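> Okay, so here is structure_22.txt, and as you'll see once you scroll down, it has compact mmCIF, C-alpha atoms and all ligand atoms.
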```txt
# COMPACT_ATOMS: atom_id res chain seq x y z
CA MET A 145 1.68 -15.45 2.10
CA SER A 146 1.63 -13.45 -1.10
CA GLU A 147 0.76 -15.01 -4.41
CA ALA A 148 3.14 -17.26 -6.34
CA VAL A 149 4.42 -15.36 -9.37
CA ILE A 150 6.97 -17.85 -10.69
CA GLU A 151 6.20 -21.56 -10.26
CA VAL A 152 8.76 -24.01 -11.56
CA GLU A 153 8.29 -27.78 -11.48
CA ASN A 154 11.05 -30.17 -12.40
CA LEU A 155 12.18 -27.97 -15.27
CA SER A 156 14.91 -29.25 -17.55
CA LYS A 157 16.70 -28.25 -20.72
CA THR A 158 18.91 -30.30 -22.96
CA TYR A 159 20.31 -28.32 -25.89
CA PRO A 160 20.23 -29.88 -29.37
CA ASP A 161 23.95 -30.67 -29.09
CA GLY A 162 23.19 -32.88 -26.10
CA THR A 163 24.32 -30.46 -23.38
CA SER A 164 22.15 -31.03 -20.34
CA ALA A 165 22.11 -27.48 -18.98
CA VAL A 166 19.21 -27.70 -16.52
CA LYS A 167 18.34 -30.99 -14.87
CA GLY A 168 15.01 -30.76 -13.11
CA ILE A 169 14.79 -27.65 -10.98
CA SER A 170 11.77 -26.72 -8.86
CA PHE A 171 11.07 -23.55 -6.91
CA THR A 172 8.45 -20.86 -6.34
CA VAL A 173 8.96 -17.10 -6.22
CA ARG A 174 6.30 -14.96 -4.53
CA LYS A 175 5.12 -11.50 -5.42
CA GLY A 176 7.55 -8.79 -4.37
CA GLU A 177 10.48 -11.07 -3.77
CA ILE A 178 13.99 -10.56 -5.06
CA PHE A 179 15.05 -14.09 -5.82
CA GLY A 180 18.63 -14.85 -6.81
CA PHE A 181 20.32 -17.60 -8.77
CA LEU A 182 23.82 -17.93 -7.38
CA GLY A 183 26.15 -20.31 -9.14
CA PRO A 184 29.42 -20.79 -10.96
CA ASN A 185 29.90 -20.48 -14.73
CA GLY A 186 27.84 -22.99 -16.62
CA ALA A 187 25.51 -23.77 -13.70
CA GLY A 188 22.45 -23.23 -15.86
CA LYS A 189 21.37 -19.81 -14.59
CA THR A 190 21.01 -18.10 -17.97
CA THR A 191 19.35 -21.15 -19.52
CA SER A 192 16.76 -21.27 -16.73
CA MET A 193 16.05 -17.56 -16.99
CA ARG A 194 15.70 -17.77 -20.75
CA ILE A 195 13.14 -20.53 -20.40
CA LEU A 196 11.19 -18.56 -17.80
CA GLY A 197 11.39 -15.46 -19.98
CA THR A 198 10.01 -17.58 -22.87
CA LEU A 199 13.15 -17.10 -24.98
CA HIS A 200 13.96 -20.84 -24.93
CA HIS A 201 11.78 -23.90 -24.74
CA ALA A 202 12.21 -26.34 -21.88
CA THR A 203 12.70 -29.97 -22.77
CA GLY A 204 11.06 -31.21 -19.57
CA GLY A 205 8.97 -30.11 -16.63
CA SER A 206 6.75 -27.06 -16.45
CA ALA A 207 6.82 -23.42 -15.43
CA ARG A 208 4.17 -20.78 -14.90
CA ILE A 209 4.74 -17.03 -14.78
CA LEU A 210 1.85 -15.04 -13.31
CA GLY A 211 -0.22 -18.20 -13.71
CA LEU A 212 0.60 -18.46 -17.42
CA ASP A 213 2.31 -21.45 -19.00
CA VAL A 214 5.74 -20.66 -20.48
CA ASN A 215 5.30 -23.24 -23.21
CA THR A 216 1.93 -22.20 -24.54
CA GLN A 217 1.35 -18.62 -23.36
CA GLY A 218 4.63 -16.98 -24.29
CA LYS A 219 3.06 -13.93 -25.86
CA GLU A 220 0.91 -13.11 -22.83
CA ILE A 221 3.88 -13.63 -20.55
CA ARG A 222 6.17 -11.39 -22.60
CA GLU A 223 3.69 -8.53 -22.29
CA ARG A 224 3.92 -8.67 -18.52
CA ILE A 225 7.62 -9.32 -17.89
CA GLY A 226 10.84 -7.40 -18.42
CA PHE A 227 14.11 -9.00 -19.36
CA ALA A 228 17.62 -7.56 -19.08
CA MET A 229 20.13 -10.02 -20.41
CA GLN A 230 23.74 -10.80 -19.66
CA GLU A 231 24.91 -9.61 -23.07
CA VAL A 232 23.69 -6.09 -23.57
CA GLY A 233 22.19 -5.41 -26.98
CA MET A 234 22.07 -1.70 -27.61
CA ASP A 235 21.59 0.34 -30.70
CA ASP A 236 24.82 2.29 -30.53
CA LEU A 237 23.64 5.10 -32.77
CA ALA A 238 20.59 6.09 -30.76
CA THR A 239 20.52 8.42 -27.79
CA ALA A 240 19.23 7.15 -24.47
CA GLN A 241 16.03 9.11 -24.89
CA GLU A 242 15.45 7.84 -28.43
CA MET A 243 15.98 4.29 -27.34
CA LEU A 244 13.47 4.51 -24.51
CA THR A 245 10.91 6.36 -26.60
CA LEU A 246 11.23 3.81 -29.38
CA HIS A 247 10.66 0.93 -26.99
CA ALA A 248 7.69 2.67 -25.43
CA LYS A 249 6.15 3.11 -28.88
CA LEU A 250 6.78 -0.55 -29.65
CA TYR A 251 4.61 -1.28 -26.63
CA GLY A 252 1.81 0.77 -28.12
CA MET A 253 2.23 4.14 -26.42
CA ASN A 254 1.62 7.31 -28.42
CA SER A 255 4.40 9.87 -28.80
CA LYS A 256 3.39 11.91 -25.79
CA GLU A 257 3.07 8.89 -23.50
CA ALA A 258 6.32 7.46 -24.82
CA LYS A 259 8.17 10.72 -24.12
CA ALA A 260 6.77 10.93 -20.62
CA LYS A 261 7.72 7.33 -19.90
CA ALA A 262 11.24 7.91 -21.21
CA ALA A 263 11.63 11.00 -19.02
CA GLU A 264 10.41 9.12 -15.95
CA LEU A 265 12.83 6.24 -16.48
CA LEU A 266 15.76 8.50 -17.30
CA SER A 267 15.23 10.23 -14.01
CA THR A 268 14.81 6.97 -12.03
CA PHE A 269 18.10 5.71 -13.40
CA ASP A 270 19.93 8.98 -12.97
CA LEU A 271 20.37 9.40 -16.70
CA ALA A 272 18.37 12.58 -17.25
CA SER A 273 21.45 14.68 -17.92
CA ASP A 274 22.69 12.10 -20.43
CA ALA A 275 19.35 11.73 -22.22
CA LYS A 276 20.58 13.27 -25.45
CA ARG A 277 23.95 11.55 -25.55
CA ARG A 278 24.58 8.64 -27.87
CA VAL A 279 24.53 5.32 -26.12
CA VAL A 280 27.81 4.38 -27.77
CA ARG A 281 29.51 6.98 -25.56
CA PHE A 282 28.03 5.55 -22.37
CA SER A 283 30.18 3.87 -19.76
CA GLY A 284 29.46 0.23 -18.91
CA GLY A 285 27.54 1.26 -15.81
CA MET A 286 25.41 3.76 -17.69
CA GLN A 287 24.65 1.17 -20.37
CA ARG A 288 23.57 -1.30 -17.70
CA ARG A 289 21.24 1.26 -16.17
CA LEU A 290 19.81 2.13 -19.56
CA ASP A 291 19.34 -1.54 -20.32
CA LEU A 292 17.41 -1.92 -17.11
CA ALA A 293 15.36 1.18 -17.91
CA VAL A 294 14.48 -0.31 -21.30
CA SER A 295 13.31 -3.52 -19.65
CA LEU A 296 10.93 -1.45 -17.49
CA VAL A 297 9.30 0.59 -20.24
CA HIS A 298 6.07 -1.41 -20.25
CA THR A 299 5.85 -1.53 -16.42
CA PRO A 300 6.41 -5.26 -16.08
CA GLU A 301 5.21 -7.24 -13.09
CA VAL A 302 8.17 -9.58 -13.17
CA LEU A 303 11.73 -8.65 -14.01
CA PHE A 304 14.41 -11.10 -15.12
CA LEU A 305 17.93 -9.78 -14.69
CA ASP A 306 20.84 -11.87 -15.82
CA GLU A 307 23.92 -10.72 -13.91
CA PRO A 308 22.75 -7.14 -13.66
CA SER A 309 25.82 -5.85 -11.87
CA THR A 310 28.60 -7.63 -13.73
CA GLY A 311 31.20 -5.10 -14.75
CA LEU A 312 29.88 -2.33 -12.53
CA ASP A 313 32.05 -0.42 -10.11
CA PRO A 314 31.08 -0.52 -6.42
CA LYS A 315 29.22 2.79 -6.56
CA SER A 316 27.17 1.81 -9.64
CA ARG A 317 26.48 -1.53 -8.03
CA SER A 318 25.04 -0.03 -4.88
CA ASP A 319 23.05 2.45 -7.00
CA LEU A 320 21.61 -0.51 -8.87
CA TRP A 321 20.73 -2.30 -5.64
CA ARG A 322 18.93 0.80 -4.46
CA VAL A 323 16.88 0.92 -7.66
CA LEU A 324 16.03 -2.78 -7.48
CA ARG A 325 14.93 -2.53 -3.86
CA LYS A 326 12.80 0.46 -4.79
CA LEU A 327 11.15 -1.49 -7.60
CA ARG A 328 10.38 -4.26 -5.17
CA ASP A 329 9.21 -2.09 -2.29
CA GLU A 330 7.34 0.64 -4.12
CA GLU A 331 6.09 -1.09 -7.25
CA GLY A 332 5.76 -4.64 -5.91
CA ILE A 333 7.79 -5.94 -8.84
CA THR A 334 9.02 -9.51 -8.49
CA ILE A 335 12.65 -9.91 -9.49
CA LEU A 336 14.51 -13.03 -10.53
CA MET A 337 18.19 -12.30 -10.97
CA SER A 338 21.42 -14.20 -11.37
CA THR A 339 24.73 -13.24 -9.86
CA HIS A 340 28.26 -14.45 -9.26
CA TYR A 341 28.68 -12.05 -6.39
CA MET A 342 28.04 -13.53 -3.01
CA ASP A 343 27.92 -10.20 -1.25
CA GLU A 344 25.29 -9.10 -3.73
CA ALA A 345 23.17 -12.20 -3.18
CA ASP A 346 23.54 -11.72 0.55
CA ALA A 347 22.67 -8.04 0.62
CA LEU A 348 20.01 -7.90 -2.05
CA CYS A 349 18.17 -11.19 -2.40
CA ASP A 350 15.29 -12.22 -0.17
CA ARG A 351 15.95 -15.83 -1.12
CA ILE A 352 18.69 -17.57 -3.05
CA ALA A 353 18.88 -20.75 -5.10
CA ILE A 354 22.43 -22.02 -5.21
CA MET A 355 22.81 -23.59 -8.63
CA ASN A 356 25.46 -26.00 -9.72
CA LYS A 357 25.68 -28.22 -12.78
CA GLY A 358 22.06 -27.75 -13.71
CA VAL A 359 20.54 -28.45 -10.32
CA ILE A 360 19.57 -26.37 -7.33
CA ALA A 361 21.90 -27.42 -4.56
CA ALA A 362 20.24 -25.34 -1.85
CA ILE A 363 17.46 -22.81 -1.62
CA ASP A 364 16.60 -20.49 1.26
CA THR A 365 17.09 -17.03 2.70
CA PRO A 366 20.75 -15.94 2.96
CA THR A 367 20.51 -16.11 6.75
CA ASN A 368 19.12 -19.64 6.81
CA LEU A 369 21.65 -20.85 4.26
CA LYS A 370 24.48 -19.54 6.39
CA ARG A 371 22.97 -21.09 9.47
CA SER A 372 22.53 -24.41 7.71
CA ILE A 373 26.23 -24.99 7.32
CA GLY A 374 27.01 -24.72 10.95
CA ALA A 375 28.27 -22.80 13.82
CA ASP A 376 30.28 -19.67 14.38
CA ARG A 377 33.89 -20.05 15.34
CA VAL A 378 36.04 -18.23 17.83
CA ARG A 379 39.53 -18.06 16.35
CA VAL A 380 42.34 -17.57 18.80
CA THR A 381 45.83 -16.81 17.55
CA LEU A 382 48.40 -18.07 20.03
CA SER A 383 51.41 -16.11 21.25
CA ASP A 384 53.39 -19.29 21.83
CA GLY A 385 52.47 -22.86 21.22
CA ILE A 386 50.13 -24.84 23.35
CA SER A 387 51.16 -27.74 25.55
CA ALA A 388 49.67 -31.21 25.22
CA LYS A 389 48.16 -30.74 28.64
CA GLN A 390 46.48 -27.49 27.67
CA TRP A 391 45.24 -28.97 24.39
CA ALA A 392 43.76 -31.97 26.13
CA ALA A 393 41.99 -29.71 28.58
CA LEU A 394 40.61 -27.62 25.74
CA GLN A 395 39.30 -30.71 24.00
CA LYS A 396 37.63 -31.79 27.17
CA THR A 397 36.03 -28.45 27.85
CA PHE A 398 34.81 -27.68 24.33
CA ARG A 399 34.46 -31.32 23.20
CA ALA A 400 37.04 -32.76 20.86
CA GLY A 401 35.05 -32.21 17.66
CA ASN A 402 34.65 -28.50 18.37
CA VAL A 403 38.29 -27.49 18.61
CA SER A 404 40.88 -27.61 15.89
CA GLN A 405 44.27 -26.06 15.48
CA ALA A 406 46.26 -24.95 12.46
CA ASP A 407 48.89 -22.36 11.60
CA GLY A 408 49.30 -21.07 15.11
CA HIS A 409 45.64 -20.59 15.86
CA ILE A 410 42.88 -22.53 17.53
CA ASP A 411 39.31 -22.58 16.22
CA ILE A 412 36.50 -23.24 18.64
CA ARG A 413 33.07 -23.99 17.20
CA VAL A 414 30.35 -22.26 19.20
CA LYS A 415 26.64 -21.57 18.91
CA ASP A 416 26.98 -17.82 18.93
CA GLY A 417 30.40 -16.29 18.43
CA ALA A 418 29.61 -12.95 20.00
CA SER A 419 28.40 -14.33 23.31
CA ALA A 420 30.93 -17.16 23.46
CA LEU A 421 34.02 -15.04 22.95
CA VAL A 422 34.54 -13.77 26.49
CA PRO A 423 33.79 -17.07 28.29
CA ALA A 424 36.06 -18.90 25.85
CA LEU A 425 38.87 -16.44 26.53
CA ARG A 426 38.42 -16.85 30.25
CA ILE A 427 38.85 -20.58 29.88
CA LEU A 428 41.99 -20.14 27.82
CA ASP A 429 43.34 -17.71 30.39
CA ASP A 430 42.52 -20.16 33.14
CA LEU A 431 44.55 -22.80 31.40
CA GLY A 432 47.46 -20.42 30.99
CA VAL A 433 47.21 -20.28 27.18
CA GLN A 434 48.83 -17.10 25.89
CA VAL A 435 46.56 -15.38 23.40
CA ARG A 436 47.77 -12.84 20.83
CA GLU A 437 44.62 -12.12 18.89
CA THR A 438 41.01 -13.24 18.72
CA LYS A 439 38.26 -12.99 16.20
CA VAL A 440 34.80 -14.37 15.66
CA LEU A 441 34.19 -16.09 12.33
CA THR A 442 30.60 -16.32 11.16
CA PRO A 443 29.73 -18.50 8.16
CA THR A 444 29.48 -16.47 4.97
CA LEU A 445 27.70 -17.24 1.73
CA GLU A 446 31.13 -18.14 0.39
CA ASP A 447 31.26 -20.97 2.89
CA VAL A 448 27.74 -21.99 1.91
CA PHE A 449 28.66 -21.85 -1.75
CA LEU A 450 31.77 -23.93 -1.22
CA GLN A 451 29.92 -26.49 0.82
CA TYR A 452 27.06 -26.94 -1.63
CA THR A 453 28.86 -26.62 -4.94
CA GLY A 454 32.36 -27.79 -4.15
CA ALA A 455 33.60 -24.87 -6.20
CA SER A 456 36.79 -23.42 -4.84
CA PHE A 457 37.59 -19.77 -4.44
CA ALA A 458 41.26 -18.96 -4.47
CA ASP A 459 40.59 -15.92 -2.34
CA ALA A 460 38.27 -17.65 0.10
CA GLU A 461 39.23 -16.10 3.39
CA VAL A 462 37.64 -18.59 5.71
CA LYS A 463 38.10 -22.27 5.10
CA PRO A 464 35.95 -24.83 6.90
CA ALA A 465 37.83 -26.33 9.82
CA ASP A 466 39.57 -29.54 8.86
CA PRO A 467 38.53 -32.32 11.22
CA LYS A 468 41.66 -34.29 10.29
CA GLU A 469 43.77 -31.51 11.71
CA LYS A 470 44.97 -32.77 15.04
CA VAL A 471 48.02 -32.44 17.14
CA ARG A 472 50.15 -35.53 16.94
CA LEU A 473 51.11 -36.79 20.38
CA SER A 474 53.60 -39.43 21.37
CA ARG A 475 52.39 -42.20 23.65
CA LYS A 476 54.04 -40.51 26.63
CA GLU A 477 52.39 -37.23 25.76
CA LYS A 478 49.04 -38.93 25.36
CA LYS A 479 49.33 -40.36 28.82
CA ALA A 480 50.30 -36.99 30.20
CA ALA A 481 47.45 -35.38 28.35
CA LYS A 482 44.97 -37.84 29.76
CA GLU A 483 46.11 -37.18 33.27
CA ALA A 484 46.20 -33.48 32.60
CA ALA A 485 42.67 -33.49 31.24
CA SER A 486 41.35 -34.96 34.42
CA SER A 487 43.25 -32.55 36.60
CA ALA A 488 43.20 -29.38 34.50
CA LYS A 489 39.64 -28.34 34.81
CA PRO A 490 38.95 -24.70 34.17
CA SER A 491 37.03 -22.93 36.85
CA VAL A 492 34.59 -21.49 34.31
CA GLU A 493 31.97 -23.81 32.92
CA PHE A 494 31.47 -23.36 29.20
CA SER A 495 27.84 -23.43 28.16
CA GLU A 496 28.25 -22.41 24.53
CA VAL A 497 29.32 -25.82 23.32
CA VAL A 498 27.81 -26.95 20.04
CA ALA A 499 25.89 -30.15 20.56
N1 LIG B 501 22.85 -22.53 -26.95
C1 LIG B 501 23.50 -23.47 -26.29
N2 LIG B 501 23.80 -24.66 -26.88
C2 LIG B 501 24.44 -25.63 -26.22
N3 LIG B 501 24.85 -25.53 -24.93
C3 LIG B 501 24.61 -24.38 -24.29
C4 LIG B 501 23.92 -23.28 -24.93
N4 LIG B 501 23.81 -22.27 -24.05
C5 LIG B 501 24.40 -22.71 -22.92
N5 LIG B 501 24.87 -23.97 -23.07
C6 LIG B 501 25.53 -24.81 -22.04
O1 LIG B 501 24.63 -25.03 -20.99
C7 LIG B 501 25.29 -25.00 -19.74
C8 LIG B 501 24.66 -23.93 -18.86
O2 LIG B 501 24.91 -22.66 -19.43
P1 LIG B 501 24.29 -21.32 -18.87
O3 LIG B 501 24.66 -20.24 -19.81
O4 LIG B 501 22.87 -21.53 -18.58
O5 LIG B 501 25.11 -21.19 -17.49
P2 LIG B 501 25.22 -19.93 -16.50
O6 LIG B 501 24.94 -20.45 -15.14
O7 LIG B 501 24.40 -18.81 -16.99
O8 LIG B 501 26.77 -19.59 -16.60
P3 LIG B 501 27.52 -18.15 -16.53
O9 LIG B 501 27.67 -17.86 -15.07
O10 LIG B 501 28.83 -18.41 -17.16
O11 LIG B 501 26.69 -17.14 -17.25
C9 LIG B 501 26.74 -24.76 -20.04
O12 LIG B 501 27.38 -26.01 -20.08
C10 LIG B 501 26.72 -24.13 -21.42
O13 LIG B 501 27.89 -24.42 -22.13
MG MG B 502 24.84 -16.92 -17.57
```
In structure tokens, how does this file's structure come out?
Ligand SMILES: Nc1ncnc2c1ncn2[C@@H]1O[C@H](COP(=O)(O)OP(=O)(O)OP(=O)(O)O)[C@@H](O)[C@H]1O
Ligand SMILES: [Mg+2]

Amino acid sequence: MSEAVIEVENLSKTYPDGTSAVKGISFTVRKGEIFGFLGPNGAGKTTSMRILGTLHHATGGSARILGLDVNTQGKEIRERIGFAMQEVGMDDLATAQEMLTLHAKLYGMNSKEAKAKAAELLSTFDLASDAKRRVVRFSGGMQRRLDLAVSLVHTPEVLFLDEPSTGLDPKSRSDLWRVLRKLRDEEGITILMSTHYMDEADALCDRIAIMNKGVIAAIDTPTNLKRSIGADRVRVTLSDGISAKQWAALQKTFRAGNVSQADGHIDIRVKDGASALVPALRILDDLGVQVRETKVLTPTLEDVFLQYTGASFADAEVKPADPKEKVRLSRKEKKAAKEAASSAKPSVEFSEVVA
């Protein structure tokens, strides 16, 4: 395992006004990882990053960056990290080239070195043709890229990026991802970033800490986080309704807890949606259930986020199946269903049942 670059132990921050922004978070980031803070507004992402970037003092716990203590070795840390903040602070009158050259000189480079560094970064960030334009005329995406370039002037080993892609269009976003991956893969730079975008966290981050109300609710790789909240689902939209007899048989075959129905569709929880789809359809066919449409639903980071933070997304496409959702049967129907369940046994055995 590669070396630990960011080590955080029970870190907390209460602002002077009494706001408890970070309440004891612990995690480790290893060299060459892209580590993401994913969380809603006010979760404590910026506060945590500011502490790790030595811009704020923690009020509890400890943190080490590259083995250096954030509380006592701020200066040494600042020389070896780069920081691109949420609110972009740019000198509007300067050109991109001037800005980069100035920063390079601030880090002790002579004019020639500074110019060379500026040229290199302008080219990395696709800004070479805009080098002589005033930053004030830059689009949001160009400013973001320049901001990132500035944070890389002194070739940092660790990069802190607070919401690097907020306000970028899809093309600029994927360009940014490409650059960040390149920094990780080719320069071995360790990146700690925050984001509101779940697709970004999923696509870009090696590991994610889901933050909510000052604590880390979950921490793992995107894949493991998605796995942790449960199974895939086969969603079957019905042409007509489903009889009590058919429903009872379905419950028996898939186990009652694994099937639910709502809004004209049935959800079947399965281990692996792709391999369960065809056998599940065969069973439905066997039972004479008329199917209009099928799809496989795999847990997304949105589901993970919802589960761990309780935050709701109005546009959340997939909602967790509601266990309370049941068909209501009269006593007569129940009896019929019971009988039906014992007689209606599909010829195909279903082996994809979730335990
Ligand atoms: N300087 C400050 N003084 C007092 N409270 C603050 C200060 N900065 C942030 N807070 C509070 O601390 C909490 C965490 O804020 P923080 O900015 O760290 O959240 P965040 O996760 O970055 O949110 P966002 O996604 O909106 O950027 C919030 O309740 C915020 O109001
Ligand atoms: Mg923030």
> What does the list of residues within 7 Å of ligand LIG 501 (chain B) look like if you count all atoms listed in the file, written as a ChimeraX atom specification?
/A:159-161,163-165,183-192,340,358
> Show which residues sit within 12 Å of Tyr452 of chain A, as a list of chain:residue names. Count all atoms listed in the file, and ignore same-chain residues fewer than 2 positions away.
A:Leu182, A:Gly183, A:Pro184, A:Ala353, A:Ile354, A:Met355, A:Asn356, A:Lys357, A:Val359, A:Ile360, A:Ala361, A:Ala362, A:Ile363, A:Leu369, A:Lys370, A:Ser372, A:Ile373, A:Leu445, A:Glu446, A:Asp447, A:Val448, A:Phe449, A:Leu450, A:Gly454, A:Ala455, A:Ser456
> Box in all listed atoms of segment 381-389 of chain A, axis-aligned, with 5 Å more on each side; write out centre and edge lengths in Å to one decimal as lines of an AutoDock Vina configuration file.

```
center_x = 49.6
center_y = -23.7
center_z = 23.1
size_x = 17.6
size_y = 25.1
size_z = 21.1
```
> Pull the neighbourhood of (21.2, -0.9, -6.0) for me: all residues within 12 Å in file coordinates, counting all atoms listed in the file, as a ChimeraX atom specification.
/A:268-269,285,288-289,292,308-309,312-328,344-345,347-349
> Point out the residue among A:Met145, A:Glu307, A:Ile169, A:Thr299 with the least atom-to-atom distance to ligand MG 502 (chain B), counting all atoms listed in the file.
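Looking only at the distances to ligand MG 502 (chain B), the closest residue turns out to be A:Glu307.
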> So which one's closest to ligand MG 502 (chain B), A:Met337, A:Leu210, A:Ala406, A:Val302? Using all atoms listed in the file, please.
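With all atoms listed in the file as the atom set, the closest residue is A:Met337.
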> Have a look at atom CA of Met253 of chain A and atom CA of Leu296 of chain A and let me know their distance in Å, one decimal.
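The value is 13.7 Å.
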> What is the distance, in Å and to one decimal place, between atom CA of Met193 of chain A and atom CA of Asp329 of chain A?
22.4 Å
> In Å, how far is it from atom CA of Thr334 of chain A to atom CA of Gly211 of chain A?
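Atom CA of Thr334 of chain A sits 13.7 Å away from atom CA of Gly211 of chain A.
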> Hey, what's within 8 Å of His201 of chain A if we count all atoms listed in the file and toss same-chain stuff fewer than 3 positions away? As number ranges by chain, please?
A: 157, 195, 198, 215
> Which one of A:Ser338, A:Met243, A:His200, A:Leu303 sits closest to ligand MG 502 (chain B) if you count all atoms listed in the file?
A:Ser338
> Neighbours of Asp274 of chain A within 12 Å (all atoms listed in the file; same-chain residues fewer than 2 positions away dropped), as a short mmCIF file (atom, residue, chain, number, x, y, z; two decimals) with C-alpha atoms, in the frame of the given file?

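Contents of result.cif, as written:
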```cif
data_model
loop_
_atom_site.label_atom_id
_atom_site.label_comp_id
_atom_site.auth_asym_id
_atom_site.auth_seq_id
_atom_site.Cartn_x
_atom_site.Cartn_y
_atom_site.Cartn_z
CA THR A 239 20.52 8.42 -27.79
CA ALA A 240 19.23 7.15 -24.47
CA GLN A 241 16.03 9.11 -24.89
CA GLU A 242 15.45 7.84 -28.43
CA ALA A 263 11.63 11.00 -19.02
CA LEU A 266 15.76 8.50 -17.30
CA SER A 267 15.23 10.23 -14.01
CA PHE A 269 18.10 5.71 -13.40
CA ASP A 270 19.93 8.98 -12.97
CA LEU A 271 20.37 9.40 -16.70
CA ALA A 272 18.37 12.58 -17.25
CA LYS A 276 20.58 13.27 -25.45
CA ARG A 277 23.95 11.55 -25.55
CA ARG A 278 24.58 8.64 -27.87
CA VAL A 279 24.53 5.32 -26.12
CA VAL A 280 27.81 4.38 -27.77
CA ARG A 281 29.51 6.98 -25.56
CA PHE A 282 28.03 5.55 -22.37
CA SER A 283 30.18 3.87 -19.76
CA MET A 286 25.41 3.76 -17.69
CA GLN A 287 24.65 1.17 -20.37
CA ARG A 289 21.24 1.26 -16.17
CA LEU A 290 19.81 2.13 -19.56
#
```
> Which one is closest to Leu196 of chain A: A:Glu257, A:Asp384, A:Asp291, A:Asp306? Count only C-alpha atoms.
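Residue with the minimum atom-to-atom distance to Leu196 of chain A: A:Asp306.
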> Please write as a list in words the list of polymer residues whose atoms come within 9 Å of (7.0, -16.3, -21.7), counting only C-alpha atoms and keeping to the coordinates of the file.
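I get Arg194, Ile195, Leu196, Gly197, Thr198, Leu199, His200, Arg208, Ile209, Leu212, Asp213, Val214, Asn215, Thr216, Gln217, Gly218, Lys219, Glu220, Ile221, Arg222, Glu223, Arg224 and Ile225 of chain A for the residues within 9 Å of that point.
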> For the selection just defined, write its residues with C-alpha atoms to a file, as an mmCIF file, in the coordinates of the input.

```cif
data_model
loop_
_atom_site.group_PDB
_atom_site.id
_atom_site.type_symbol
_atom_site.label_atom_id
_atom_site.label_comp_id
_atom_site.auth_asym_id
_atom_site.auth_seq_id
_atom_site.Cartn_x
_atom_site.Cartn_y
_atom_site.Cartn_z
ATOM 1 C CA ARG A 194 15.700 -17.770 -20.750
ATOM 2 C CA ILE A 195 13.140 -20.530 -20.400
ATOM 3 C CA LEU A 196 11.190 -18.560 -17.800
ATOM 4 C CA GLY A 197 11.390 -15.460 -19.980
ATOM 5 C CA THR A 198 10.010 -17.580 -22.870
ATOM 6 C CA LEU A 199 13.150 -17.100 -24.980
ATOM 7 C CA HIS A 200 13.960 -20.840 -24.930
ATOM 8 C CA ARG A 208 4.170 -20.780 -14.900
ATOM 9 C CA ILE A 209 4.740 -17.030 -14.780
ATOM 10 C CA LEU A 212 0.600 -18.460 -17.420
ATOM 11 C CA ASP A 213 2.310 -21.450 -19.000
ATOM 12 C CA VAL A 214 5.740 -20.660 -20.480
ATOM 13 C CA ASN A 215 5.300 -23.240 -23.210
ATOM 14 C CA THR A 216 1.930 -22.200 -24.540
ATOM 15 C CA GLN A 217 1.350 -18.620 -23.360
ATOM 16 C CA GLY A 218 4.630 -16.980 -24.290
ATOM 17 C CA LYS A 219 3.060 -13.930 -25.860
ATOM 18 C CA GLU A 220 0.910 -13.110 -22.830
ATOM 19 C CA ILE A 221 3.880 -13.630 -20.550
ATOM 20 C CA ARG A 222 6.170 -11.390 -22.600
ATOM 21 C CA GLU A 223 3.690 -8.530 -22.290
ATOM 22 C CA ARG A 224 3.920 -8.670 -18.520
ATOM 23 C CA ILE A 225 7.620 -9.320 -17.890
#
```
> Compare A:Pro300, A:Ser419, A:Val435, A:Ala392 by their minimum atom-to-atom distance to Glu331 of chain A, counting all atoms listed in the file, and give me the closest one.
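Of all the options, A:Pro300 lies closest to Glu331 of chain A.
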> Which residue gives the smallest distance to Gly385 of chain A among A:Glu301, A:Glu330, A:Asp407, A:Asp350, with all atoms listed in the file counted?
A:Asp407
> Which residues come within 10 Å of Asn154 of chain A, counting all atoms listed in the file, excluding same-chain residues fewer than 4 positions away, as a list in words?
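Here the answer would be Val166, Lys167, Gly168, Ile169, Ser170, Phe171, Gly204, Gly205, Ser206, Ala207 and Val359 of chain A.
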> Only C-alpha atoms, please: segment 360-382 of chain A from the block, as an mmCIF file, in the first residue's frame.

```
data_model
loop_
_atom_site.group_PDB
_atom_site.id
_atom_site.type_symbol
_atom_site.label_atom_id
_atom_site.label_comp_id
_atom_site.auth_asym_id
_atom_site.auth_seq_id
_atom_site.Cartn_x
_atom_site.Cartn_y
_atom_site.Cartn_z
ATOM 1 C CA ILE A 360 -18.508 11.246 7.691
ATOM 2 C CA ALA A 361 -21.524 9.050 7.154
ATOM 3 C CA ALA A 362 -19.775 6.527 4.921
ATOM 4 C CA ILE A 363 -16.385 6.120 3.335
ATOM 5 C CA ASP A 364 -15.312 3.705 0.610
ATOM 6 C CA THR A 365 -14.832 3.262 -3.117
ATOM 7 C CA PRO A 366 -17.861 4.257 -5.220
ATOM 8 C CA THR A 367 -18.398 0.603 -6.125
ATOM 9 C CA ASN A 368 -18.353 -0.614 -2.535
ATOM 10 C CA LEU A 369 -20.636 2.184 -1.393
ATOM 11 C CA LYS A 370 -23.172 1.252 -4.028
ATOM 12 C CA ARG A 371 -22.890 -2.389 -3.109
ATOM 13 C CA SER A 372 -23.315 -1.599 0.570
ATOM 14 C CA ILE A 373 -26.844 -0.358 0.171
ATOM 15 C CA GLY A 374 -28.137 -3.483 -1.385
ATOM 16 C CA ALA A 375 -29.153 -5.405 -4.349
ATOM 17 C CA ASP A 376 -30.025 -4.688 -7.942
ATOM 18 C CA ARG A 377 -33.656 -4.687 -8.902
ATOM 19 C CA VAL A 378 -35.460 -6.040 -11.917
ATOM 20 C CA ARG A 379 -38.334 -3.661 -12.621
ATOM 21 C CA VAL A 380 -41.206 -5.089 -14.593
ATOM 22 C CA THR A 381 -43.918 -2.802 -15.900
ATOM 23 C CA LEU A 382 -47.173 -4.708 -16.228
#
```
